[in-house]
>>> print(open('coords-v8.csv').read())   # CSV, C-alpha atoms
chain,number,residue,atom,x,y,z
A,111,MET,CA,0.0,0.0,0.0
A,112,GLY,CA,2.9,2.4,0.7
A,113,TYR,CA,4.2,2.3,-2.9
A,114,THR,CA,0.7,2.7,-4.3
A,115,LYS,CA,0.1,5.7,-2.1
A,116,THR,CA,3.5,7.2,-3.1
A,117,ALA,CA,2.7,6.7,-6.8
A,118,LEU,CA,-0.7,8.4,-6.4
A,119,LEU,CA,0.9,11.3,-4.6
A,120,MET,CA,3.6,11.6,-7.3
A,121,ALA,CA,0.9,11.6,-9.9
A,122,ALA,CA,-1.0,14.3,-8.0
A,123,MET,CA,2.2,16.4,-7.9
A,124,THR,CA,2.8,16.0,-11.7
A,125,ALA,CA,-0.9,16.8,-12.5
A,126,LEU,CA,-0.7,20.0,-10.3
A,127,PHE,CA,2.4,21.1,-12.0
A,128,MET,CA,1.0,20.6,-15.5
A,129,GLY,CA,-2.3,22.2,-14.5
A,130,ILE,CA,-0.5,25.3,-13.5
A,131,GLY,CA,1.3,25.4,-16.8
A,132,TYR,CA,-2.0,25.1,-18.6
A,133,LEU,CA,-3.6,27.9,-16.6
A,134,LEU,CA,-0.7,30.2,-17.4
A,135,GLY,CA,-0.2,29.3,-21.1
A,136,GLY,CA,-2.7,26.8,-22.3
A,137,SER,CA,-1.6,23.6,-23.9
A,138,GLY,CA,1.7,25.2,-24.8
A,139,GLY,CA,2.3,26.3,-21.3
A,140,MET,CA,1.6,22.8,-20.1
A,141,VAL,CA,4.2,21.3,-22.4
A,142,LEU,CA,6.7,24.0,-21.5
A,143,ALA,CA,6.1,23.3,-17.8
A,144,LEU,CA,6.7,19.6,-18.3
A,145,ILE,CA,9.9,20.3,-20.2
A,146,MET,CA,11.1,22.6,-17.5
A,147,ALA,CA,10.3,20.1,-14.8
A,148,ALA,CA,12.2,17.4,-16.7
A,149,GLY,CA,15.3,19.6,-16.9
A,150,MET,CA,15.2,20.6,-13.3
A,151,ASN,CA,14.7,16.9,-12.2
A,152,ALA,CA,17.6,15.8,-14.5
A,153,PHE,CA,19.9,18.3,-12.8
A,154,SER,CA,18.8,17.4,-9.3
A,155,TRP,CA,19.0,13.7,-10.1
A,156,TRP,CA,22.7,13.9,-10.9
A,157,ASN,CA,23.7,16.6,-8.4
A,158,SER,CA,21.4,16.4,-5.4
A,159,ASP,CA,23.7,14.2,-3.3
A,160,LYS,CA,26.7,16.5,-3.7
A,161,MET,CA,24.6,19.6,-3.0
A,162,VAL,CA,22.9,18.2,0.1
A,163,LEU,CA,26.2,17.0,1.6
A,164,ARG,CA,27.8,20.3,0.9
A,165,MET,CA,24.9,22.2,2.5
A,166,HIS,CA,25.5,20.3,5.8
A,167,ASN,CA,29.3,20.5,5.6
A,168,ALA,CA,29.5,16.7,5.6
A,169,ARG,CA,33.0,15.2,5.6
A,170,PRO,CA,33.8,11.7,4.3
A,171,VAL,CA,35.0,9.2,6.8
A,172,SER,CA,38.6,8.5,5.9
A,173,GLY,CA,40.5,5.3,6.2
A,174,ASN,CA,41.3,6.2,9.8
A,175,ASP,CA,38.0,5.0,11.3
A,176,PRO,CA,38.7,4.1,15.0
A,177,HIS,CA,35.0,3.8,15.8
A,178,GLY,CA,34.3,1.2,13.2
A,179,LEU,CA,31.5,3.2,11.5
A,180,VAL,CA,32.5,2.2,8.0
A,181,ARG,CA,32.7,-1.5,9.0
A,182,MET,CA,29.2,-1.3,10.5
A,183,VAL,CA,27.8,0.3,7.3
A,184,ALA,CA,29.5,-2.3,5.2
A,185,ASP,CA,28.1,-5.2,7.3
A,186,LEU,CA,24.6,-3.8,7.2
A,187,ALA,CA,24.8,-3.0,3.5
A,188,ASP,CA,25.7,-6.6,2.9
A,189,MET,CA,22.7,-7.7,5.0
A,190,ALA,CA,20.5,-5.5,2.8
A,191,ASN,CA,22.1,-6.8,-0.5
A,192,LEU,CA,23.2,-3.3,-1.3
A,193,PRO,CA,26.5,-1.9,-2.7
A,194,MET,CA,28.6,-0.1,-0.1
A,195,PRO,CA,27.5,3.5,0.1
A,196,ALA,CA,29.8,6.4,0.9
A,197,VAL,CA,30.0,7.3,4.6
A,198,TYR,CA,29.9,10.9,5.9
A,199,VAL,CA,30.0,12.6,9.3
A,200,ILE,CA,28.3,15.9,10.0
A,201,ASP,CA,29.8,18.0,12.8
A,202,THR,CA,26.7,19.0,14.8
A,203,PRO,CA,25.6,18.1,18.4
A,204,GLN,CA,22.1,17.3,17.3
A,205,PRO,CA,21.6,13.5,16.9
A,206,ASN,CA,20.4,12.8,13.4
A,207,ALA,CA,21.1,11.1,10.1
A,208,PHE,CA,20.1,11.0,6.4
A,209,ALA,CA,20.7,9.1,3.2
A,210,THR,CA,21.1,10.6,-0.2
A,211,GLY,CA,21.9,9.6,-3.8
A,212,ARG,CA,20.1,8.9,-7.1
A,213,ASN,CA,20.3,5.1,-6.8
A,214,PRO,CA,22.0,2.4,-4.7
A,215,ASP,CA,25.1,2.5,-6.8
A,216,ASN,CA,25.6,6.3,-6.1
A,217,ALA,CA,24.4,6.6,-2.5
A,218,ALA,CA,25.7,8.1,0.7
A,219,VAL,CA,24.8,7.7,4.4
A,220,ALA,CA,25.5,10.7,6.7
A,221,VAL,CA,25.4,10.6,10.5
A,222,THR,CA,26.0,13.5,12.9
A,223,THR,CA,28.6,13.5,15.6
A,224,GLY,CA,25.8,14.1,18.1
A,225,LEU,CA,24.2,10.8,16.9
A,226,MET,CA,27.5,8.8,17.5
A,227,GLN,CA,27.9,10.4,20.9
A,228,SER,CA,24.4,9.7,22.2
A,229,LEU,CA,23.5,6.2,20.9
A,230,SER,CA,24.7,2.8,21.8
A,231,ARG,CA,26.2,0.7,19.0
A,232,GLU,CA,23.0,-1.3,18.7
A,233,GLU,CA,20.9,1.8,18.3
A,234,LEU,CA,23.3,3.2,15.8
A,235,ALA,CA,23.0,0.0,13.8
A,236,GLY,CA,19.2,0.5,13.7
A,237,VAL,CA,19.6,4.0,12.4
A,238,VAL,CA,22.1,3.0,9.7
A,239,ALA,CA,19.8,0.2,8.7
A,240,HIS,CA,16.9,2.6,8.4
A,241,GLU,CA,18.9,4.8,6.1
A,242,LEU,CA,20.0,1.9,4.0
A,243,ALA,CA,16.3,0.9,3.7
A,244,HIS,CA,15.7,4.4,2.1
A,245,ILE,CA,18.4,3.7,-0.4
A,246,ARG,CA,17.1,0.2,-1.2
A,247,ASN,CA,13.6,1.5,-1.6
A,248,HIS,CA,14.8,4.3,-3.9
A,249,ASP,CA,13.3,6.8,-1.5
A,250,THR,CA,16.3,9.2,-1.9
A,251,ALA,CA,15.5,9.5,-5.6
A,252,ILE,CA,11.7,9.9,-5.0
A,253,MET,CA,12.2,12.6,-2.5
A,254,THR,CA,14.7,14.4,-4.8
A,255,VAL,CA,12.1,14.5,-7.5
A,256,THR,CA,9.2,15.6,-5.2
A,257,ALA,CA,11.4,18.4,-3.7
A,258,THR,CA,12.2,19.6,-7.2
A,259,PHE,CA,8.6,19.5,-8.3
A,260,ALA,CA,7.6,21.5,-5.1
A,261,GLY,CA,10.2,24.1,-5.9
A,262,ALA,CA,9.2,24.3,-9.5
A,263,ILE,CA,5.5,24.7,-8.6
A,264,THR,CA,6.3,27.5,-6.3
A,265,MET,CA,8.3,29.2,-9.1
A,266,LEU,CA,5.4,28.8,-11.6
A,267,ALA,CA,3.0,30.2,-9.0
A,268,ASN,CA,5.2,33.3,-8.7
A,269,PHE,CA,5.2,33.6,-12.5
A,270,ALA,CA,1.5,33.7,-12.4
A,271,LEU,CA,1.7,37.2,-10.8
A,272,PHE,CA,3.4,38.5,-13.9
A,273,PHE,CA,1.8,36.4,-16.7
A,274,GLY,CA,-1.4,35.1,-15.3
A,275,GLY,CA,-3.5,38.0,-16.4
A,276,ARG,CA,-2.2,38.3,-20.0
A,277,ARG,CA,-4.5,35.6,-21.5
A,278,ASP,CA,-8.2,36.3,-22.0
A,279,GLU,CA,-9.0,32.8,-21.0
A,280,GLY,CA,-6.6,32.9,-18.0
A,281,PRO,CA,-7.6,32.5,-14.4
A,282,GLY,CA,-8.0,36.3,-13.8
A,283,ILE,CA,-6.9,38.4,-10.9
A,284,VAL,CA,-8.7,36.4,-8.2
A,285,GLY,CA,-7.7,33.1,-9.8
A,286,THR,CA,-4.1,34.2,-10.1
A,287,LEU,CA,-3.9,35.2,-6.4
A,288,ALA,CA,-5.5,31.9,-5.4
A,289,LEU,CA,-3.0,30.1,-7.6
A,290,MET,CA,-0.1,31.9,-6.0
A,291,LEU,CA,-1.2,31.0,-2.5
A,292,LEU,CA,-2.7,27.5,-2.9
A,293,ALA,CA,-0.4,25.8,-5.4
A,294,PRO,CA,2.8,26.0,-3.3
A,295,LEU,CA,0.7,24.9,-0.3
A,296,ALA,CA,-0.7,21.9,-2.1
A,297,ALA,CA,2.7,21.0,-3.4
A,298,GLY,CA,4.2,21.1,0.0
A,299,LEU,CA,1.4,19.0,1.5
A,300,VAL,CA,1.9,16.3,-1.2
A,301,GLN,CA,5.7,16.4,-0.6
A,302,MET,CA,5.2,16.0,3.2
A,303,ALA,CA,2.7,13.2,2.7
A,304,ILE,CA,5.2,11.3,0.5
A,305,SER,CA,7.9,11.8,3.1
A,306,ARG,CA,5.7,10.4,5.9
A,307,THR,CA,4.7,7.4,3.9
A,308,ARG,CA,8.3,6.5,3.1
A,309,GLU,CA,9.5,6.9,6.7
A,310,TYR,CA,7.1,4.2,7.9
A,311,ALA,CA,8.3,1.9,5.1
A,312,ALA,CA,11.9,2.5,5.9
A,313,ASP,CA,11.4,1.9,9.6
A,314,LYS,CA,9.9,-1.6,8.8
A,315,ALA,CA,12.6,-2.5,6.3
A,316,GLY,CA,15.4,-1.1,8.5
A,317,ALA,CA,14.2,-3.3,11.5
A,318,GLU,CA,14.3,-6.3,9.2
A,319,ILE,CA,17.8,-5.4,7.9
A,320,CYS,CA,19.4,-5.0,11.4
A,321,GLY,CA,17.4,-7.9,12.8
A,322,ASN,CA,15.9,-6.2,15.9
A,323,PRO,CA,13.1,-3.6,15.7
A,324,ASP,CA,13.8,-2.5,19.3
A,325,TRP,CA,17.2,-1.1,18.3
A,326,LEU,CA,15.6,1.3,16.0
A,327,ALA,CA,12.7,2.1,18.3
A,328,ASP,CA,15.1,2.9,21.1
A,329,ALA,CA,17.2,5.1,18.7
A,330,LEU,CA,14.2,7.0,17.6
A,331,GLU,CA,13.2,7.9,21.1
A,332,ARG,CA,16.8,9.1,21.9
A,333,ILE,CA,17.1,11.1,18.7
A,334,GLN,CA,13.7,12.7,19.2
A,335,ALA,CA,14.7,13.8,22.8
A,336,GLY,CA,18.0,15.2,21.5
A,337,ALA,CA,16.6,16.9,18.3
A,338,SER,CA,13.8,18.6,20.3
A,339,ARG,CA,16.3,20.5,22.4
A,340,ILE,CA,19.4,20.9,20.2
A,341,ASP,CA,19.5,23.1,17.2
A,342,ASN,CA,20.9,22.1,13.8
A,343,ASP,CA,22.1,25.3,12.3
A,344,ALA,CA,22.7,23.9,8.8
A,345,ALA,CA,19.2,22.4,8.7
A,346,GLU,CA,17.7,25.7,9.8
A,347,ARG,CA,19.5,27.4,6.9
A,348,ASN,CA,18.3,24.8,4.5
A,349,PRO,CA,14.8,23.7,5.6
A,350,ALA,CA,14.0,22.1,2.2
A,351,THR,CA,16.3,19.2,3.3
A,352,ALA,CA,14.4,18.6,6.6
A,353,HIS,CA,12.4,15.7,5.1
A,354,MET,CA,15.6,13.7,4.5
A,355,PHE,CA,16.6,13.3,8.1
A,356,ILE,CA,15.4,10.3,10.2
A,357,ILE,CA,13.9,12.8,12.7
A,358,ASN,CA,12.7,16.3,11.7
A,359,PRO,CA,15.7,18.6,12.6
A,360,LEU,CA,13.5,21.7,12.7
A,361,HIS,CA,11.6,20.9,15.9
A,362,ALA,CA,8.2,20.2,14.2
A,363,HIS,CA,5.1,19.3,16.2
A,364,ALA,CA,4.9,15.7,17.3
A,365,ARG,CA,1.6,14.9,15.7
A,366,ASP,CA,0.9,13.2,12.4
A,367,ASN,CA,-0.6,16.3,10.7
A,368,LEU,CA,-0.7,17.6,7.2
A,369,PHE,CA,2.1,20.1,7.8
A,370,ALA,CA,4.6,17.6,9.3
A,371,THR,CA,7.5,16.3,7.3
A,372,HIS,CA,7.8,13.2,9.4
A,373,PRO,CA,5.3,10.9,11.1
A,374,SER,CA,4.9,11.1,14.9
A,375,THR,CA,7.9,9.5,16.6
A,376,ALA,CA,5.6,7.9,19.1
A,377,ASN,CA,3.6,6.3,16.3
A,378,ARG,CA,6.7,5.0,14.6
A,379,VAL,CA,8.0,3.6,17.9
A,380,ALA,CA,4.7,1.9,18.6
A,381,ALA,CA,4.7,0.3,15.2
A,382,LEU,CA,8.3,-1.0,15.8
A,383,ARG,CA,7.4,-2.3,19.2
A,384,GLN,CA,4.4,-4.2,17.7
A,385,MET,CA,6.7,-5.6,15.0
A,386,SER,CA,9.2,-6.7,17.7
A,387,GLY,CA,6.4,-8.6,19.5
A,388,GLN,CA,5.3,-10.3,16.4
A,389,THR,CA,8.8,-11.6,15.3
A,390,PRO,CA,11.5,-13.5,17.3
A,391,THR,CA,14.2,-11.1,18.5
A,392,VAL,CA,17.5,-11.6,16.7
A,393,ARG,CA,20.2,-11.0,19.3
A,394,SER,CA,22.8,-9.9,16.8
A,395,ARG,CA,23.1,-10.2,13.0
A,396,ILE,CA,26.2,-7.9,13.0
A,397,PRO,CA,29.1,-7.5,15.3
A,398,VAL,CA,27.6,-4.6,17.2
A,399,HIS,CA,29.8,-4.7,20.3
A,400,ALA,CA,33.2,-3.0,20.1
A,401,PRO,CA,36.0,-4.9,21.8
A,402,GLY,CA,36.4,-4.1,25.4
A,403,ARG,CA,33.2,-2.1,25.7
A,404,LYS,CA,30.0,-2.8,27.6
A,405,PRO,CA,27.0,-3.5,25.3
A,406,ARG,CA,25.0,-0.4,26.2
A,407,SER,CA,27.9,2.1,26.2
A,408,GLY,CA,28.1,4.6,23.4
A,409,PRO,CA,31.0,3.6,21.2
A,410,TRP,CA,31.9,7.2,20.3
A,411,GLU,CA,32.5,8.7,23.7
>>> encode(input="coords-v8.csv", output="C-alpha cells")
Amino acid sequence: MGYTKTALLMAAMTALFMGIGYLLGGSGGMVLALIMAAGMNAFSWWNSDKMVLRMHNARPVSGNDPHGLVRMVADLADMANLPMPAVYVIDTPQPNAFATGRNPDNAAVAVTTGLMQSLSREELAGVVAHELAHIRNHDTAIMTVTATFAGAITMLANFALFFGGRRDEGPGIVGTLALMLLAPLAAGLVQMAISRTREYAADKAGAEICGNPDWLADALERIQAGASRIDNDAAERNPATAHMFIINPLHAHARDNLFATHPSTANRVAALRQMSGQTPTVRSRIPVHAPGRKPRSGPWE
C-alpha cells in the first residue's frame, strides 16, 4: 500500500504542475512546464547528493576510522544486499542522520557527531539500517524528484503574478492570487505526505535489515529527545532538506498532521514495538559490540 500511495501522490504532484502550466499558457504552457520540470529533475538527479552533503558540511570518513562506523555500514549494506555507500559525518551536536543519492550505486549515508555520541552501537545500527532501507527502496530519488517539483510549482505560481492576467482565458486576478497561494501549499502538502509514507516503510525495512526492531525504536526515542532541544544550524538554513533526516531537525510538532515532514515519533516507535512482539528477537546479526566495551555504552564517547 505504501508504494501505491506514493505513486498516487507523485501523480498528483505532476498533475498539479502541468495544470498550473496550462492555466498560465494553455496547452503550450503545459508542455513548457513539463519540459522545465524534466530539466530541473535531471539536474537534481545527478547533483542532489553533492549539493545536500555540501549544505550540511558533511565530511567523508577516511581510512582512519577508529570507531568502526564504515565497517558497520558495510556489514549492514551486505545484509541489505546493497552496494557499499559512501559514509559521511556531520559535525553538529544534534543527533540525526540521512541518506542521499540517485540510486543504490551512487548513494551516501551521513550521520551526525551528536548521533554517534548519544546512541549505543545497537541503536546506531538500527539508524544506519533505516537509512539503507531508504536507499534500497529508492526513496532518496523519490524525495529528490518531489522536492524539485515542489520548488518548480512555487516558481510557476510566482510567474502567475506577472503572466497570469495576460491571457483572456486565463484565471483572472482572483484566480491568479489563489493560484499563487494555494499551489505551493498543495505541493508542500503532497511532498510531506510522501515523506511520511516513506518513513514508515523505511522503519519496517530497517528493522528487518538489522534484525531487531527494538534497536531502531530505542534510537528514535533518543534522537527525538535530542533533536527537540538541540539546534541544527545547517538544517535551519536549508529547511528544504528537513524531510531527508530520520527525525525532523526543525523541531516540528509531534503529531501526524498535514504540515509535518515526518510521522509522529511515538507512532513510529509503537509500530516497531508491535513488530518486535510479532517476530522473534534476533540477538545480533552484525558485530555490534566494540572490543572491550559494555554492550550499552556509546562507542563514540
>>> atom_distance(input="coords-v8.csv", atom1="atom CA of A:Trp325", atom2="atom CA of A:Glu232")
5.8 Å
>>> atom_distance(input="coords-v8.csv", atom1="atom CA of A:Pro359", atom2="atom CA of A:Met253")
16.6 Å
>>> atom_distance(input="coords-v8.csv", atom1="atom CA of A:Ala147", atom2="atom CA of A:Met128")
9.3 Å
>>> closest_residue(input="coords-v8.csv", among="A:Asn358, A:Ser305, A:Ser158, A:Ser137", to="A:Glu346", atoms="all atoms listed in the file")
A:Asn358
>>> closest_residue(input="coords-v8.csv", among="A:Cys320, A:Val162, A:Ala327, A:Met354", to="A:Leu382", atoms="only C-alpha atoms")
A:Ala327
>>> residues_around(input="coords-v8.csv", residues="A:Glu241", least_positions_apart="6", cutoff="8 Å", atoms="only C-alpha atoms", output="list in words")
Ala207, Phe208, Ala209, Val219, Ala312, Gly316 and Ile356 of chain A
>>> closest_residue(input="coords-v8.csv", among="A:Asn213, A:Ser230, A:Thr375, A:Thr222", to="A:Arg246", atoms="all atoms listed in the file")
A:Asn213
>>> closest_residue(input="coords-v8.csv", among="A:Ile263, A:Met194, A:Ile340, A:Leu242", to="A:Ala315", atoms="all atoms listed in the file")
A:Leu242
>>> closest_residue(input="coords-v8.csv", among="A:Gln227, A:Thr250, A:Ser386, A:Asn216", to="A:Val199", atoms="only C-alpha atoms")
A:Gln227
>>> residues_around(input="coords-v8.csv", residues="A:Gly211", least_positions_apart="6", cutoff="9 Å", atoms="all atoms listed in the file", output="count of residues only")
14
>>> closest_residue(input="coords-v8.csv", among="A:Ala317, A:Met189, A:Ala344, A:Leu360", to="A:His166", atoms="all atoms listed in the file")
A:Ala344
>>> residues_near_point(input="coords-v8.csv", point="(3.1, 18.8, -16.3)", cutoff="6 Å", atoms="all atoms listed in the file", output="PyMOL selection string")
chain A and resi 124-125+127-128+140+143-144
>>> residues_near_point(input="coords-v8.csv", point="(28.6, 14.7, 14.3)", cutoff="7 Å", atoms="only C-alpha atoms", output="number ranges by chain")
A: 199-203, 221-226
>>> residues_around(input="coords-v8.csv", residues="A:Asp215", least_positions_apart="6", cutoff="9 Å", atoms="all atoms listed in the file", output="PDB file with C-alpha atoms, keeping the file's coordinate frame")
ATOM      1  CA  LEU A 192      23.200  -3.300  -1.300  1.00  0.00           C
ATOM      2  CA  PRO A 193      26.500  -1.900  -2.700  1.00  0.00           C
ATOM      3  CA  MET A 194      28.600  -0.100  -0.100  1.00  0.00           C
ATOM      4  CA  PRO A 195      27.500   3.500   0.100  1.00  0.00           C
TER       5      PRO A 195
END
>>> decode(input="coords-v8.csv", residues="stretch 173-193 of chain A", atoms="N, CA and C atoms", output="CSV table (one decimal), in the first residue's frame")
chain,number,residue,atom,x,y,z
A,173,GLY,N,40.1,6.6,5.8
A,173,GLY,CA,40.5,5.3,6.2
A,173,GLY,C,40.8,5.1,7.7
A,174,ASN,N,41.1,6.2,8.4
A,174,ASN,CA,41.3,6.2,9.8
A,174,ASN,C,39.9,6.3,10.5
A,175,ASP,N,39.4,5.1,10.8
A,175,ASP,CA,38.0,5.0,11.3
A,175,ASP,C,38.0,4.2,12.6
A,176,PRO,N,38.5,4.8,13.7
A,176,PRO,CA,38.7,4.1,15.0
A,176,PRO,C,37.4,3.6,15.6
A,177,HIS,N,36.3,4.2,15.2
A,177,HIS,CA,35.0,3.8,15.8
A,177,HIS,C,34.3,2.6,15.1
A,178,GLY,N,34.8,2.3,13.9
A,178,GLY,CA,34.3,1.2,13.2
A,178,GLY,C,33.0,1.5,12.4
A,179,LEU,N,32.7,2.8,12.2
A,179,LEU,CA,31.5,3.2,11.5
A,179,LEU,C,31.4,2.6,10.1
A,180,VAL,N,32.5,2.7,9.4
A,180,VAL,CA,32.5,2.2,8.0
A,180,VAL,C,32.2,0.7,8.0
A,181,ARG,N,32.9,0.0,8.9
A,181,ARG,CA,32.7,-1.5,9.0
A,181,ARG,C,31.2,-1.8,9.3
A,182,MET,N,30.6,-1.0,10.2
A,182,MET,CA,29.2,-1.3,10.5
A,182,MET,C,28.3,-1.0,9.3
A,183,VAL,N,28.5,0.1,8.5
A,183,VAL,CA,27.8,0.3,7.3
A,183,VAL,C,28.0,-0.8,6.3
A,184,ALA,N,29.2,-1.2,6.2
A,184,ALA,CA,29.5,-2.3,5.2
A,184,ALA,C,28.8,-3.6,5.6
A,185,ASP,N,28.8,-4.0,6.9
A,185,ASP,CA,28.1,-5.2,7.3
A,185,ASP,C,26.6,-5.1,7.0
A,186,LEU,N,26.0,-3.9,7.4
A,186,LEU,CA,24.6,-3.8,7.2
A,186,LEU,C,24.2,-3.7,5.7
A,187,ALA,N,25.0,-3.0,4.9
A,187,ALA,CA,24.8,-3.0,3.5
A,187,ALA,C,24.8,-4.4,2.9
A,188,ASP,N,25.7,-5.3,3.4
A,188,ASP,CA,25.7,-6.6,2.9
A,188,ASP,C,24.4,-7.4,3.3
A,189,MET,N,24.0,-7.1,4.5
A,189,MET,CA,22.7,-7.7,5.0
A,189,MET,C,21.5,-7.3,4.1
A,190,ALA,N,21.6,-6.0,3.6
A,190,ALA,CA,20.5,-5.5,2.8
A,190,ALA,C,20.7,-5.7,1.3
A,191,ASN,N,21.8,-6.5,1.0
A,191,ASN,CA,22.1,-6.8,-0.5
A,191,ASN,C,22.2,-5.5,-1.3
A,192,LEU,N,23.0,-4.5,-0.7
A,192,LEU,CA,23.2,-3.3,-1.3
A,192,LEU,C,24.7,-3.1,-1.6
A,193,PRO,N,25.1,-2.3,-2.6
A,193,PRO,CA,26.5,-1.9,-2.7
A,193,PRO,C,26.9,-1.0,-1.5
